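Containing compact mmCIF, C-alpha atoms and all ligand atoms: structure10.txt.
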```txt
# COMPACT_ATOMS: atom_id res chain seq x y z
CA MET A 149 0.00 0.00 0.00
CA THR A 150 1.30 3.51 -0.82
CA LYS A 151 2.65 5.30 2.23
CA LEU A 152 0.62 8.43 2.96
CA ARG A 153 2.15 11.84 3.69
CA GLN A 154 2.14 12.89 7.32
CA ALA A 155 -0.92 14.70 8.70
CA ASP A 156 -0.89 18.47 8.12
CA PRO A 157 -4.29 20.14 8.78
CA LEU A 158 -3.37 23.45 7.11
CA GLY A 159 -1.72 21.84 4.09
CA ILE A 160 1.60 23.62 4.57
CA GLN A 161 3.59 20.67 3.19
CA ARG A 162 1.77 21.21 -0.15
CA VAL A 163 3.23 24.70 -0.51
CA ILE A 164 6.07 25.01 -3.00
CA GLN A 165 8.08 27.50 -0.99
CA THR A 166 9.47 30.50 -2.83
CA PRO A 167 13.28 30.16 -3.07
CA GLY A 168 15.05 32.57 -0.72
CA LEU A 169 11.93 33.42 1.27
CA LYS A 170 12.66 33.07 4.97
CA ARG A 171 9.10 32.51 6.21
CA SER A 172 6.76 29.67 5.48
CA LEU A 173 3.61 30.38 3.53
CA LEU A 174 0.08 29.09 3.88
CA PRO A 175 -1.48 27.52 0.76
CA GLN A 176 -3.56 30.60 -0.06
CA GLN A 177 -0.51 32.89 0.08
CA ALA A 178 1.70 30.58 -1.96
CA ASP A 179 2.53 31.05 -5.62
CA ALA A 180 2.21 27.32 -6.21
CA LEU A 181 1.06 24.11 -4.55
CA ASP A 182 2.01 20.49 -5.08
CA PRO A 183 -1.23 18.62 -5.88
CA SER A 184 0.47 15.24 -6.39
CA LEU A 185 -0.54 11.98 -4.75
CA PRO A 186 -0.49 10.26 -2.33
CA ILE A 187 -2.74 12.21 0.00
CA ALA A 188 -1.72 12.91 3.59
CA GLU A 189 -3.11 10.93 6.52
CA ASP A 190 -5.67 13.67 7.25
CA GLU A 191 -6.60 14.73 3.71
CA LEU A 192 -9.58 13.97 1.50
CA LEU A 193 -9.13 13.07 -2.18
CA ILE A 194 -11.82 14.28 -4.57
CA GLU A 195 -12.37 13.26 -8.17
CA VAL A 196 -13.50 16.62 -9.54
CA GLU A 197 -16.50 17.04 -11.85
CA SER A 198 -16.87 20.82 -12.11
CA LEU A 199 -15.15 24.00 -11.06
CA ASN A 200 -17.32 26.97 -10.24
CA ILE A 201 -14.92 29.80 -10.99
CA ASP A 202 -15.39 32.89 -8.83
CA SER A 203 -17.37 35.45 -10.84
CA ALA A 204 -14.76 38.24 -10.63
CA SER A 205 -12.06 35.77 -11.70
CA PHE A 206 -14.05 34.23 -14.57
CA HIS A 207 -15.01 37.70 -15.80
CA GLN A 208 -11.33 38.74 -15.80
CA ILE A 209 -10.16 35.55 -17.57
CA SER A 210 -12.95 35.78 -20.11
CA GLU A 211 -12.08 39.41 -20.89
CA ALA A 212 -8.38 38.62 -21.21
CA CYS A 213 -9.25 35.80 -23.66
CA GLY A 214 -11.72 37.89 -25.65
CA GLY A 215 -14.53 35.54 -24.60
CA ASP A 216 -13.09 32.73 -26.79
CA PRO A 217 -13.77 29.34 -25.09
CA GLY A 218 -10.65 27.79 -26.69
CA LYS A 219 -8.43 30.51 -25.24
CA ILE A 220 -10.20 30.32 -21.87
CA GLU A 221 -9.53 26.55 -21.79
CA LYS A 222 -5.83 27.05 -22.57
CA HIS A 223 -5.61 29.82 -19.98
CA ILE A 224 -7.16 27.66 -17.23
CA LEU A 225 -5.03 24.62 -18.07
CA GLU A 226 -1.83 26.70 -18.00
CA LEU A 227 -2.84 28.49 -14.80
CA VAL A 228 -3.55 25.25 -12.91
CA ALA A 229 -0.48 23.46 -14.32
CA LYS A 230 1.70 26.37 -13.15
CA ARG A 231 0.15 27.00 -9.72
CA GLY A 232 -1.25 23.58 -8.75
CA LYS A 233 -4.49 25.40 -7.89
CA HIS A 234 -7.01 27.66 -9.65
CA HIS A 235 -5.78 30.92 -8.18
CA ASN A 236 -6.23 33.89 -10.48
CA PRO A 237 -3.17 36.12 -10.00
CA VAL A 238 -5.05 39.23 -11.16
CA THR A 239 -8.14 39.03 -8.94
CA GLY A 240 -6.50 36.87 -6.26
CA SER A 241 -9.68 34.77 -6.11
CA GLY A 242 -10.59 31.16 -6.88
CA GLY A 243 -14.06 29.65 -6.66
CA MET A 244 -15.14 26.20 -5.50
CA LEU A 245 -15.69 22.73 -6.91
CA ILE A 246 -17.93 19.70 -6.87
CA GLY A 247 -16.77 16.13 -7.09
CA ARG A 248 -16.87 12.67 -5.58
CA VAL A 249 -14.81 11.61 -2.57
CA THR A 250 -12.50 8.78 -3.62
CA GLN A 251 -10.18 8.45 -0.62
CA ILE A 252 -10.27 9.51 3.02
CA GLY A 253 -7.04 9.65 5.02
CA PRO A 254 -7.24 7.65 8.28
CA SER A 255 -6.74 10.81 10.38
CA PHE A 256 -9.34 12.98 8.59
CA PRO A 257 -11.63 14.42 11.32
CA LEU A 258 -14.67 12.33 10.43
CA LYS A 259 -16.43 13.02 13.73
CA GLU A 260 -16.76 16.74 13.04
CA LYS A 261 -16.98 16.32 9.27
CA PRO A 262 -18.77 13.07 8.48
CA VAL A 263 -18.24 11.88 4.91
CA SER A 264 -17.89 8.57 3.07
CA VAL A 265 -16.08 7.43 -0.04
CA GLY A 266 -18.50 7.90 -2.94
CA ASP A 267 -20.23 10.98 -1.48
CA ARG A 268 -20.66 13.89 -3.85
CA ILE A 269 -19.56 17.12 -2.18
CA ALA A 270 -19.03 20.80 -2.88
CA THR A 271 -15.95 22.31 -1.28
CA LEU A 272 -16.59 25.48 0.70
CA VAL A 273 -12.98 26.61 0.77
CA SER A 274 -11.58 28.66 -2.07
CA LEU A 275 -9.95 27.10 -5.12
CA SER A 276 -7.19 29.63 -4.44
CA LEU A 277 -5.87 27.27 -1.75
CA THR A 278 -7.11 23.88 -3.01
CA PRO A 279 -4.47 21.60 -4.58
CA LEU A 280 -5.80 20.73 -8.04
CA GLN A 281 -4.59 18.75 -11.03
CA ILE A 282 -6.60 18.89 -14.28
CA ARG A 283 -6.29 15.96 -16.70
CA LYS A 284 -8.82 17.31 -19.16
CA ILE A 285 -11.30 20.15 -19.58
CA LYS A 286 -14.58 18.69 -20.81
CA LYS A 287 -16.74 21.76 -21.21
CA ILE A 288 -16.75 25.47 -20.37
CA HIS A 289 -20.11 27.04 -19.54
CA THR A 290 -19.28 30.70 -20.13
CA LYS A 291 -22.66 32.03 -19.00
CA ILE A 292 -22.47 30.49 -15.54
CA ASP A 293 -18.70 30.58 -14.87
CA ARG A 294 -18.54 26.77 -14.68
CA VAL A 295 -15.89 24.43 -16.08
CA ASP A 296 -16.46 20.65 -16.28
CA ILE A 297 -13.21 18.78 -15.90
CA GLU A 298 -11.52 15.48 -15.21
CA GLY A 299 -8.97 15.77 -12.46
CA HIS A 300 -8.40 15.50 -8.75
CA ALA A 301 -8.37 17.93 -5.84
CA ILE A 302 -7.30 17.64 -2.23
CA LEU A 303 -9.11 18.97 0.82
CA PHE A 304 -7.10 19.58 3.99
CA ALA A 305 -8.40 18.49 7.38
CA SER A 306 -9.13 22.16 8.15
CA GLY A 307 -11.22 22.50 4.97
CA ILE A 308 -14.98 22.60 4.88
CA PHE A 309 -17.44 21.11 2.43
CA ALA A 310 -21.14 20.39 1.99
CA LYS A 311 -22.72 17.19 0.78
CA LEU A 312 -24.73 17.97 -2.33
CA PRO A 313 -28.43 18.13 -1.45
CA ASP A 314 -30.70 15.78 -3.37
CA ASP A 315 -33.69 18.14 -3.57
CA LEU A 316 -32.00 20.76 -5.77
CA PRO A 317 -30.27 20.33 -9.14
CA GLU A 318 -26.52 20.17 -8.47
CA THR A 319 -25.71 23.14 -10.69
CA VAL A 320 -28.20 25.19 -8.70
CA ALA A 321 -26.73 23.99 -5.41
CA LEU A 322 -23.24 24.81 -6.67
CA ALA A 323 -24.23 28.35 -7.63
CA ILE A 324 -25.83 28.93 -4.23
CA LEU A 325 -23.01 27.40 -2.20
CA ASP A 326 -20.42 29.47 -4.08
CA VAL A 327 -21.79 32.66 -2.55
CA ALA A 328 -23.36 31.25 0.64
CA GLY A 329 -21.33 33.62 2.84
CA ALA A 330 -23.12 36.68 1.43
CA PRO A 331 -26.70 36.01 2.64
CA ALA A 332 -25.34 34.56 5.89
CA GLN A 333 -23.46 37.79 6.62
CA THR A 334 -26.50 39.79 5.54
CA ARG A 335 -28.54 38.05 8.24
CA GLN A 336 -26.00 39.20 10.84
CA LEU A 337 -25.56 42.75 9.58
CA VAL A 338 -29.09 43.90 8.76
CA LYS A 339 -31.47 45.02 11.52
CA ALA A 340 -35.22 45.61 11.38
CA ASN A 341 -36.44 48.81 9.68
CA GLN A 342 -33.12 49.50 7.95
CA THR A 343 -32.50 50.51 4.35
CA VAL A 344 -30.25 48.05 2.54
CA VAL A 345 -28.57 48.92 -0.75
CA VAL A 346 -27.10 46.06 -2.81
CA ILE A 347 -24.62 47.11 -5.50
CA GLY A 348 -24.56 44.49 -8.29
CA GLY A 349 -27.86 43.30 -6.86
CA GLY A 350 -28.99 41.43 -9.97
CA GLY A 351 -26.35 38.69 -9.69
CA LYS A 352 -26.56 35.49 -7.72
CA SER A 353 -25.23 36.74 -4.40
CA GLY A 354 -27.13 40.01 -4.92
CA ILE A 355 -30.58 38.43 -5.07
CA LEU A 356 -29.74 36.16 -2.13
CA CYS A 357 -28.73 39.20 -0.03
CA LEU A 358 -31.84 41.14 -1.06
CA ALA A 359 -34.15 38.24 -0.21
CA GLU A 360 -32.41 37.62 3.10
CA ALA A 361 -32.49 41.32 4.09
CA LYS A 362 -36.20 41.53 3.31
CA ARG A 363 -36.94 38.80 5.87
CA LYS A 364 -36.35 41.31 8.68
CA PRO A 365 -39.42 43.42 9.52
CA GLY A 366 -39.63 46.87 8.00
CA VAL A 367 -36.49 46.55 5.88
CA ARG A 368 -36.39 48.46 2.63
CA THR A 369 -34.29 46.92 -0.14
CA ILE A 370 -32.68 48.85 -3.00
CA ALA A 371 -30.86 47.05 -5.81
CA VAL A 372 -28.32 48.79 -8.04
CA ASP A 373 -27.32 47.09 -11.30
CA TYR A 374 -26.20 47.99 -14.77
CA SER A 375 -27.59 45.94 -17.66
CA ASP A 376 -31.16 46.11 -18.93
CA ALA A 377 -31.51 42.36 -18.36
CA ALA A 378 -30.52 42.58 -14.71
CA ILE A 379 -32.83 45.56 -14.16
CA ALA A 380 -35.78 43.78 -15.77
CA ARG A 381 -35.12 40.70 -13.61
CA LEU A 382 -34.93 42.75 -10.43
CA LYS A 383 -38.15 44.64 -11.15
CA GLU A 384 -40.05 41.36 -11.10
CA LEU A 385 -38.96 40.45 -7.58
CA SER A 386 -41.34 41.05 -4.68
CA PHE A 387 -38.50 41.35 -2.17
CA VAL A 388 -36.85 44.28 -4.01
CA ASP A 389 -38.46 47.63 -3.20
CA ASP A 390 -36.47 49.90 -5.52
CA VAL A 391 -34.34 49.20 -8.56
CA ILE A 392 -31.69 51.68 -9.66
CA GLN A 393 -29.99 51.40 -13.02
CA ALA A 394 -26.49 52.82 -12.78
CA ASP A 395 -22.85 51.96 -13.42
CA ALA A 396 -21.36 51.10 -10.03
CA ARG A 397 -18.03 52.52 -11.19
CA ASN A 398 -19.70 55.92 -11.35
CA ALA A 399 -19.82 56.70 -7.63
CA VAL A 400 -21.46 60.11 -7.93
CA GLU A 401 -24.25 58.85 -10.19
CA VAL A 402 -25.00 55.98 -7.78
CA MET A 403 -24.89 58.32 -4.77
CA GLU A 404 -27.33 60.77 -6.40
CA LYS A 405 -29.77 58.01 -7.33
CA VAL A 406 -29.64 56.44 -3.86
CA TRP A 407 -30.10 59.93 -2.40
CA SER A 408 -33.27 60.44 -4.46
CA ALA A 409 -34.63 56.97 -3.66
CA THR A 410 -34.06 57.38 0.09
CA ARG A 411 -34.73 61.15 0.34
CA GLY A 412 -31.23 61.65 1.64
CA HIS A 413 -31.27 58.92 4.30
CA MET A 414 -28.91 56.67 2.23
CA GLY A 415 -28.22 53.02 3.07
CA ASP A 416 -27.85 51.81 6.65
CA VAL A 417 -26.13 48.76 5.18
CA VAL A 418 -24.58 48.78 1.70
CA ILE A 419 -23.53 45.43 0.24
CA ASN A 420 -21.11 45.20 -2.68
CA VAL A 421 -21.53 42.12 -4.88
CA ALA A 422 -20.51 43.58 -8.24
CA ASN A 423 -18.07 41.38 -10.13
CA ILE A 424 -15.89 44.16 -11.50
CA PRO A 425 -13.23 46.48 -10.02
CA GLU A 426 -13.56 50.13 -9.06
CA THR A 427 -16.99 49.99 -7.42
CA GLU A 428 -15.74 50.73 -3.89
CA MET A 429 -16.68 54.41 -3.78
CA SER A 430 -20.26 54.04 -5.00
CA CYS A 431 -20.77 51.97 -1.83
CA VAL A 432 -19.07 54.46 0.47
CA LEU A 433 -21.05 57.37 -0.97
CA SER A 434 -24.34 55.44 -0.76
CA CYS A 435 -23.92 54.73 2.94
CA ARG A 436 -25.16 56.95 5.76
CA PRO A 437 -22.65 58.20 8.38
CA LYS A 438 -21.82 55.35 10.83
CA GLY A 439 -23.51 52.87 8.51
CA ILE A 440 -21.95 49.62 7.30
CA VAL A 441 -20.42 48.88 3.91
CA TYR A 442 -19.96 45.17 3.37
CA TYR A 443 -17.57 44.25 0.53
CA PHE A 444 -18.30 40.70 -0.56
CA SER A 445 -16.94 41.35 -4.06
CA MET A 446 -13.56 39.81 -4.77
CA ALA A 447 -12.80 42.70 -7.08
CA THR A 448 -12.64 45.02 -4.06
CA SER A 449 -9.44 46.92 -3.41
CA PHE A 450 -8.78 47.44 0.29
CA THR A 451 -6.66 50.50 -0.57
CA ARG A 452 -9.29 52.10 -2.77
CA ALA A 453 -12.01 51.51 -0.16
CA ALA A 454 -10.05 52.65 2.88
CA LEU A 455 -8.27 55.63 1.35
CA GLY A 456 -11.33 56.57 -0.68
CA ALA A 457 -13.56 56.67 2.42
CA GLU A 458 -10.97 58.71 4.29
CA GLY A 459 -10.59 61.03 1.30
CA VAL A 460 -14.28 61.99 1.32
CA GLY A 461 -14.50 62.13 5.12
CA ALA A 462 -16.96 59.22 5.27
CA ASP A 463 -17.22 57.75 8.78
CA VAL A 464 -18.52 54.36 7.68
CA ASP A 465 -17.75 50.89 8.93
CA LEU A 466 -15.95 49.00 6.13
CA ARG A 467 -16.26 45.22 6.38
CA ILE A 468 -14.44 42.56 4.38
CA GLY A 469 -16.64 39.74 3.08
CA ASN A 470 -15.51 36.53 4.68
CA GLY A 471 -16.79 33.70 2.48
CA TYR A 472 -17.37 31.60 5.58
CA THR A 473 -19.88 32.09 8.37
CA GLU A 474 -20.95 29.21 10.58
CA GLY A 475 -23.99 27.50 9.07
CA HIS A 476 -23.75 29.52 5.85
CA ALA A 477 -24.35 26.60 3.46
CA ASP A 478 -27.62 25.49 5.07
CA LEU A 479 -28.77 29.08 5.48
CA ALA A 480 -28.29 29.85 1.78
CA LEU A 481 -29.79 26.57 0.54
CA ASN A 482 -32.82 26.98 2.83
CA LEU A 483 -33.30 30.57 1.70
CA VAL A 484 -33.73 29.34 -1.88
CA ARG A 485 -35.83 26.30 -0.86
CA GLU A 486 -38.24 28.57 1.01
CA ASN A 487 -38.48 31.36 -1.55
CA ARG A 488 -40.41 30.49 -4.70
CA GLU A 489 -39.01 33.45 -6.68
CA LEU A 490 -35.40 32.67 -5.83
CA LYS A 491 -35.91 29.02 -6.65
CA ALA A 492 -37.37 29.91 -10.04
CA ILE A 493 -34.50 32.27 -10.92
CA PHE A 494 -31.75 29.89 -9.81
CA THR A 495 -33.38 26.94 -11.55
CA GLN A 496 -33.86 28.91 -14.75
CA GLN A 497 -30.33 30.31 -14.80
CA TYR A 498 -28.26 27.44 -13.47
CA THR A 499 -29.78 24.29 -14.94
P1 LIG B 501 -22.59 37.65 -10.46
O1 LIG B 501 -23.71 36.69 -10.35
O2 LIG B 501 -21.78 37.70 -11.70
O3 LIG B 501 -23.18 39.11 -10.13
C1 LIG B 501 -22.44 40.28 -10.28
C2 LIG B 501 -23.41 41.40 -10.57
O4 LIG B 501 -22.67 42.62 -10.69
C3 LIG B 501 -24.18 41.19 -11.87
O5 LIG B 501 -25.55 41.38 -11.65
C4 LIG B 501 -23.59 42.25 -12.77
O6 LIG B 501 -24.50 42.75 -13.70
C5 LIG B 501 -23.27 43.33 -11.76
N1 LIG B 501 -22.42 44.35 -12.36
C6 LIG B 501 -21.39 44.17 -13.22
N2 LIG B 501 -20.88 45.35 -13.60
C7 LIG B 501 -21.63 46.31 -12.99
C8 LIG B 501 -21.59 47.72 -12.98
N3 LIG B 501 -20.69 48.40 -13.68
N4 LIG B 501 -22.49 48.38 -12.24
C9 LIG B 501 -23.44 47.72 -11.52
N5 LIG B 501 -23.51 46.38 -11.47
C10 LIG B 501 -22.61 45.66 -12.19
O7 LIG B 501 -21.55 37.45 -9.29
P2 LIG B 501 -21.70 36.64 -7.91
O8 LIG B 501 -21.40 35.23 -8.15
O9 LIG B 501 -22.93 37.06 -7.24
O10 LIG B 501 -20.45 37.23 -7.15
C11 LIG B 501 -20.41 38.59 -6.77
C12 LIG B 501 -19.06 38.96 -6.24
O11 LIG B 501 -18.80 38.18 -5.07
C13 LIG B 501 -17.93 38.66 -7.21
O12 LIG B 501 -16.99 39.71 -7.16
C14 LIG B 501 -17.31 37.40 -6.63
O13 LIG B 501 -15.98 37.36 -6.96
C15 LIG B 501 -17.51 37.62 -5.15
N6 LIG B 501 -17.43 36.42 -4.31
C16 LIG B 501 -16.91 36.59 -3.06
C17 LIG B 501 -16.79 35.53 -2.21
C18 LIG B 501 -16.23 35.76 -0.83
O14 LIG B 501 -15.85 34.81 -0.20
N7 LIG B 501 -16.19 36.99 -0.38
C19 LIG B 501 -17.22 34.25 -2.60
C20 LIG B 501 -17.78 34.10 -3.86
C21 LIG B 501 -17.89 35.19 -4.72
P3 LIG B 501 -24.53 42.25 -15.21
O15 LIG B 501 -25.08 40.86 -15.17
O16 LIG B 501 -25.44 43.24 -15.80
O17 LIG B 501 -23.12 42.31 -15.71
```

Before we go any further, please render this structure as structure tokens.
Amino acid sequence: MTKLRQADPLGIQRVIQTPGLKRSLLPQQADALDPSLPIAEDELLIEVESLNIDSASFHQISEACGGDPGKIEKHILELVAKRGKHHNPVTGSGGMLIGRVTQIGPSFPLKEKPVSVGDRIATLVSLSLTPLQIRKIKKIHTKIDRVDIEGHAILFASGIFAKLPDDLPETVALAILDVAGAPAQTRQLVKANQTVVVIGGGGKSGILCLAEAKRKPGVRTIAVDYSDAAIARLKELSFVDDVIQADARNAVEVMEKVWSATRGHMGDVVINVANIPETEMSCVLSCRPKGIVYYFSMATSFTRAALGAEGVGADVDLRIGNGYTEGHADLALNLVRENRELKAIFTQQYT
């Protein structure tokens, strides 16, 4: 029997350390990982079926490749061969994957994370730190940022995952789980009777945040998006009170429109889920003094947000969007299960 690598819950032994660097790196910080087999005593081996590339990352790759699926395929293969993970160097983000568990190391913490060989799971840790080897790309679904592949991935003992539910199509579950942190954080941030502004509100995390916010009594929801299609979609939704069509990169335009919609109150909580860069200041300017701006978007620049807020004298609470909140997967899946409109949109768009 092949000897397994020693247990290593954070996966540090998978990091290909940068020559000359005198500190050890975690897998997310590393330029490259070693995704080779065997697994370690506490790792999980997954035969991967699909990658759900983070929206900001897929958008950037697609733009760089002129939208050509052949070029996107080559780009992804080269990126993963070079880095041993799908970690976009421009956006810094990854995504997540679904696949079937094919091997469980004897020291994997099964008590806290029950799983069996043969289970189909979605990883809830970023592809930017998940060791990955692609043998073949089978299909690229450019409209939903998904790539079907043959290959294997490794989950560390510290990693989290969800078993794929059997009451939702897997592509729908994958789309929801990818952004599960956003509605979960929304539940924590939004209080009754507040005004919530969601920038990029027509996308998948946007509608989840809007629906979640509207569950609190007296909350008013305002969605900001750009394309006619997104605006038309948003106008149909009962849990969206106001829809603003504006380019989120145009901070003053967004601020003026939010000002008109709220008669100067502005957002108590502003959530950024746009998948493009340079939208930080439309959030800052749409937020009331002492309000909260929550940046879930991976295209967010910490520097632009922090210095930009300081530059306009905005005393707002800037929060970084952690993709993980305890219970986030169930919360997001249940939100869709219990909301007919969400279920219809996700089913229509992701099956
Ligand atoms: P999505 O479905 O692609 O939604 C993005 C939305 O932004 C779309 O409705 C898009 O509208 C809109 N948008 C694009 N350009 C705009 C502009 N100039 N002005 C206004 N709206 C604009 O993306 P998603 O999957 O919900 O993800 C949203 C963000 O969350 C991405 O940046 C993603 O990287 C990030 N993310 C973060 C985490 C985390 O852990 N924090 C995890 C997963 C994803 P159109 O359709 O009209 O282009």

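If you measure from each of A:Asp190, A:Asp376, A:Asp182, A:Glu360 to Gln281 (chain A) using only C-alpha atoms, the closest one turns out to be A:Asp182.
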
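Atom pair CA of Lys311 (chain A) / CA of Gly266 (chain A) has a distance of 10.9 Å (rounded to one decimal).
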
All residues having an atom within 7 Å of ligand LIG 501 (chain B) (only C-alpha atoms and all ligand atoms) as number ranges by chain: A: 202-205, 241, 243, 326-327, 329, 347-354, 372-375, 377-378, 394-397, 421-424, 444-447, 469-472

With a distance cut-off of 12 Å and all atoms listed in the file, select the neighbouring residues of Glu226 (chain A), excluding the residue or stretch itself and same-chain residues fewer than 3 positions from it, and output the selection as a PyMOL selection string. chain A and resi 219-223+229-236+281-285

Distance criterion (all atoms listed in the file): nearest to Ile194 (chain A) out of A:Gly253, A:Gly415, A:Pro437, A:Pro237: A:Gly253

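Closest approach to Gly475 (chain A) among A:Gln333, A:Gln342, A:Thr495, A:Gln161 is made by A:Gln333 (distances from only C-alpha atoms).
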
Residue with smallest distance to Val367 (chain A) - pool A:Ile468, A:Val345, A:Ile292, A:Ile355, counting all atoms listed in the file: A:Val345

Leaving out region 401-412 of chain A and any residue of its chain fewer than 5 positions from it, which residues lie within 6 Å of it when counting all atoms listed in the file, given as a short mmCIF file (atom, residue, chain, number, x, y, z; two decimals) with C-alpha atoms, keeping the file's coordinate frame?
```cif
data_model
loop_
_atom_site.label_atom_id
_atom_site.label_comp_id
_atom_site.auth_asym_id
_atom_site.auth_seq_id
_atom_site.Cartn_x
_atom_site.Cartn_y
_atom_site.Cartn_z
CA SER A 430 -20.26 54.04 -5.00
CA LEU A 433 -21.05 57.37 -0.97
CA SER A 434 -24.34 55.44 -0.76
#
```

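Nearest residue to Lys362 (chain A), choosing from A:Glu384, A:Glu458, A:Asp389, A:Asp267 and counting all atoms listed in the file: A:Asp389.
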
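Nearest to Ala371 (chain A) of all the residues A:Ile392, A:Leu181, A:Leu385, A:Ile252 is A:Ile392, counting all atoms listed in the file.
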
Contacts of Ala332 (chain A) at 8 Å (all atoms listed in the file; same-chain gap of 5+ positions) as an MDAnalysis selection string: chainID A and resid 473 475:476 479:480

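Here CA of Leu227 (chain A) stands at a distance of 23.1 Å from CA of Arg248 (chain A).
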